[in-house]
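Colleague: My questions will all concern the structure given below.
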Amino acid sequence: MSRTESRDDPREDPSGGAGFVAAAAVARWGNIVDALTPVLGQRGLAALYRRTLTVAGRTHPCLLQALEDTEPVSFQPLRRMLVQQSADTAAAATDASLETFHELLNSLIGRSLTQRLLGTLWSPEFSGSPVQDKSK
């Protein structure tokens with residue numbers, strides 16, 4: 001593939017399209033992991049993430065390609081899968097996974113504790129960029 005073809009394909013461009021969505025999604029997930037690992041542990045968080053992908057994969061089957069058995073979760077399969085999608089599909093799959101994760105976490109530890117633990121990291125929709133911690 002030539003450089004021109006690579007730049008014209010948004011899935012290959014890390015500054016926009018699916019590449020941008022993938023990088024932002026992995027950054028968002030990394031922030032969530034940082035916030036929740038002290039409470040859930042690596043094993044618990046990995047199990048919740050796998051369950052998230054399995055449940056959200058019912059409506060967004062591409063998410064099933066991102067399942068991983070590692071602890072801690074690396075998110076590399078998620079990044080690879082998202083980059084292979086259109087930007088819209090990648091964003092929709094990310095929205096679904098984050099919403100599903102939030103719902104599962106709410107059901108496990110309750111809405112109040114979920115809100116306290118995630119704080120500013122949680123937003124109901126994936127905006128395409130990671131949420132920054134404003135407390136620092």
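For the structure tokens, the naming scheme is as follows: chains receive sequential letters (A, B, ...) according to their order of presentation, residues are indexed from 1 within each chain, and ligands are indexed from 1 in presentation order.
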Which neighbours of Arg43 (chain A) fall inside 8 Å, counting only C-alpha atoms, when residues of the same chain fewer than 4 positions from it are skipped, and could you give them as JSON, numbers by chain?
Modeller: {"A": [47, 71, 72]}
Colleague: The selected residues should be written to file as a PDB file, in the first residue's frame (atoms: C-alpha atoms).
Modeller:
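Listed below is the output, selection.pdb:
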ATOM      1  CA  ALA A  47     -13.365 -10.331  34.615  1.00  0.00           C
ATOM      2  CA  GLU A  71      -4.400  -9.750  33.748  1.00  0.00           C
ATOM      3  CA  PRO A  72      -3.921  -6.857  33.811  1.00  0.00           C
TER       4      PRO A  72
END
Colleague: Using only C-alpha atoms, which protein or nucleic acid residues come within 7 Å of region 26-39 of chain A? Drop anything in the same chain fewer than 3 positions from it, and give the result as a list in words.
Modeller: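 Once the adjacent positions are removed, what remains is Ala22, Ala23, Gln42, Leu45, Phe75, Arg79, Leu117, Leu118, Leu121, Pro130 and Val131 of chain A.
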Colleague: Restricting the calculation to only C-alpha atoms, which member of A:Gly44, A:Gly19, A:Gly57, A:Gly119 is positioned closest to Thr70 (chain A)?
Modeller: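 Smallest distance to Thr70 (chain A) is found for A:Gly44.
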Colleague: So which residues of region 33-71 of chain A fall under alpha helix (DSSP H) by DSSP, listed as a list in words?
Modeller: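 Restricting region 33-71 of chain A to alpha helix (DSSP H) produces Val33, Asp34, Ala35, Leu36, Thr37, Pro38, Val39, Leu40, Gly41, Gln42, Arg43, Gly44, Leu45, Ala46, Ala47, Leu48, Tyr49, Arg50, Arg51, Thr52, Leu53, Thr54, Val55 and Ala56 of chain A.
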Colleague: So that I have them on file, write out the residues from the current selection with N, CA and C atoms, as a PDB file, in the first residue's frame.
Modeller:
ATOM      1  N   VAL A  33      -9.346   1.831  34.400  1.00  0.00           N
ATOM      2  CA  VAL A  33      -8.568   0.788  35.091  1.00  0.00           C
ATOM      3  C   VAL A  33      -7.787   1.396  36.250  1.00  0.00           C
ATOM      4  N   ASP A  34      -7.146   2.524  36.021  1.00  0.00           N
ATOM      5  CA  ASP A  34      -6.382   3.183  37.087  1.00  0.00           C
ATOM      6  C   ASP A  34      -7.271   3.519  38.275  1.00  0.00           C
ATOM      7  N   ALA A  35      -8.487   3.964  38.002  1.00  0.00           N
ATOM      8  CA  ALA A  35      -9.396   4.354  39.075  1.00  0.00           C
ATOM      9  C   ALA A  35      -9.971   3.160  39.828  1.00  0.00           C
ATOM     10  N   LEU A  36     -10.189   2.048  39.131  1.00  0.00           N
ATOM     11  CA  LEU A  36     -10.908   0.929  39.752  1.00  0.00           C
ATOM     12  C   LEU A  36     -10.031  -0.231  40.234  1.00  0.00           C
ATOM     13  N   THR A  37      -8.805  -0.330  39.760  1.00  0.00           N
ATOM     14  CA  THR A  37      -7.948  -1.452  40.174  1.00  0.00           C
ATOM     15  C   THR A  37      -7.744  -1.510  41.686  1.00  0.00           C
ATOM     16  N   PRO A  38      -7.550  -0.380  42.371  1.00  0.00           N
ATOM     17  CA  PRO A  38      -7.388  -0.479  43.824  1.00  0.00           C
ATOM     18  C   PRO A  38      -8.598  -1.088  44.540  1.00  0.00           C
ATOM     19  N   VAL A  39      -9.768  -0.946  43.948  1.00  0.00           N
ATOM     20  CA  VAL A  39     -10.989  -1.457  44.572  1.00  0.00           C
ATOM     21  C   VAL A  39     -11.311  -2.873  44.105  1.00  0.00           C
ATOM     22  N   LEU A  40     -11.241  -3.103  42.791  1.00  0.00           N
ATOM     23  CA  LEU A  40     -11.637  -4.393  42.225  1.00  0.00           C
ATOM     24  C   LEU A  40     -10.479  -5.366  42.042  1.00  0.00           C
ATOM     25  N   GLY A  41      -9.270  -4.867  42.016  1.00  0.00           N
ATOM     26  CA  GLY A  41      -8.109  -5.702  41.740  1.00  0.00           C
ATOM     27  C   GLY A  41      -8.008  -5.993  40.244  1.00  0.00           C
ATOM     28  N   GLN A  42      -6.823  -6.424  39.806  1.00  0.00           N
ATOM     29  CA  GLN A  42      -6.613  -6.714  38.389  1.00  0.00           C
ATOM     30  C   GLN A  42      -7.496  -7.850  37.910  1.00  0.00           C
ATOM     31  N   ARG A  43      -7.615  -8.882  38.708  1.00  0.00           N
ATOM     32  CA  ARG A  43      -8.422 -10.045  38.319  1.00  0.00           C
ATOM     33  C   ARG A  43      -9.899  -9.678  38.213  1.00  0.00           C
ATOM     34  N   GLY A  44     -10.420  -8.935  39.186  1.00  0.00           N
ATOM     35  CA  GLY A  44     -11.817  -8.532  39.163  1.00  0.00           C
ATOM     36  C   GLY A  44     -12.122  -7.593  38.007  1.00  0.00           C
ATOM     37  N   LEU A  45     -11.210  -6.666  37.755  1.00  0.00           N
ATOM     38  CA  LEU A  45     -11.404  -5.730  36.656  1.00  0.00           C
ATOM     39  C   LEU A  45     -11.342  -6.448  35.313  1.00  0.00           C
ATOM     40  N   ALA A  46     -10.418  -7.395  35.174  1.00  0.00           N
ATOM     41  CA  ALA A  46     -10.315  -8.159  33.927  1.00  0.00           C
ATOM     42  C   ALA A  46     -11.589  -8.969  33.689  1.00  0.00           C
ATOM     43  N   ALA A  47     -12.126  -9.558  34.752  1.00  0.00           N
ATOM     44  CA  ALA A  47     -13.365 -10.331  34.615  1.00  0.00           C
ATOM     45  C   ALA A  47     -14.531  -9.430  34.216  1.00  0.00           C
ATOM     46  N   LEU A  48     -14.613  -8.244  34.812  1.00  0.00           N
ATOM     47  CA  LEU A  48     -15.684  -7.305  34.485  1.00  0.00           C
ATOM     48  C   LEU A  48     -15.541  -6.792  33.049  1.00  0.00           C
ATOM     49  N   TYR A  49     -14.316  -6.557  32.607  1.00  0.00           N
ATOM     50  CA  TYR A  49     -14.070  -6.116  31.241  1.00  0.00           C
ATOM     51  C   TYR A  49     -14.462  -7.210  30.246  1.00  0.00           C
ATOM     52  N   ARG A  50     -14.096  -8.466  30.535  1.00  0.00           N
ATOM     53  CA  ARG A  50     -14.482  -9.575  29.648  1.00  0.00           C
ATOM     54  C   ARG A  50     -16.002  -9.709  29.581  1.00  0.00           C
ATOM     55  N   ARG A  51     -16.655  -9.585  30.711  1.00  0.00           N
ATOM     56  CA  ARG A  51     -18.119  -9.662  30.740  1.00  0.00           C
ATOM     57  C   ARG A  51     -18.721  -8.500  29.944  1.00  0.00           C
ATOM     58  N   THR A  52     -18.136  -7.336  30.058  1.00  0.00           N
ATOM     59  CA  THR A  52     -18.587  -6.160  29.309  1.00  0.00           C
ATOM     60  C   THR A  52     -18.544  -6.436  27.813  1.00  0.00           C
ATOM     61  N   LEU A  53     -17.409  -6.952  27.328  1.00  0.00           N
ATOM     62  CA  LEU A  53     -17.272  -7.212  25.900  1.00  0.00           C
ATOM     63  C   LEU A  53     -18.237  -8.302  25.436  1.00  0.00           C
ATOM     64  N   THR A  54     -18.460  -9.293  26.280  1.00  0.00           N
ATOM     65  CA  THR A  54     -19.382 -10.367  25.932  1.00  0.00           C
ATOM     66  C   THR A  54     -20.817  -9.838  25.814  1.00  0.00           C
ATOM     67  N   VAL A  55     -21.233  -9.033  26.774  1.00  0.00           N
ATOM     68  CA  VAL A  55     -22.599  -8.487  26.759  1.00  0.00           C
ATOM     69  C   VAL A  55     -22.754  -7.469  25.630  1.00  0.00           C
ATOM     70  N   ALA A  56     -21.842  -6.516  25.532  1.00  0.00           N
ATOM     71  CA  ALA A  56     -21.934  -5.503  24.479  1.00  0.00           C
ATOM     72  C   ALA A  56     -21.723  -6.113  23.096  1.00  0.00           C
TER      73      ALA A  56
END
Colleague: Separation of CA of Gln85 (chain A) and CA of Cys62 (chain A), in Å?
Modeller: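 Taking CA of Gln85 (chain A) as the start and CA of Cys62 (chain A) as the end point, the length is 8.4 Å.
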Colleague: Could you give me, as a list in words, the residues within 10 Å of Ala90 (chain A), counting only C-alpha atoms and dropping anything in the same chain fewer than 3 positions from it?
Modeller: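 That gives Arg11, Gly17, Ala18, Gly19, Phe20, Val21, Ala22, Ala25, His60, Cys62, Leu63, Leu78, Arg79, Met81, Leu82, Val83, Gln84, Gln85, Ser86, Ala87, Ala93, Thr94, Asp95, Ala96 and Gly128 of chain A.
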Colleague: Would you work out the distance separating CA of Ser74 (chain A) from CA of Thr114 (chain A), expressed in Å to one decimal?
Modeller: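 Separation of CA of Ser74 (chain A) and CA of Thr114 (chain A): 22.3 Å.
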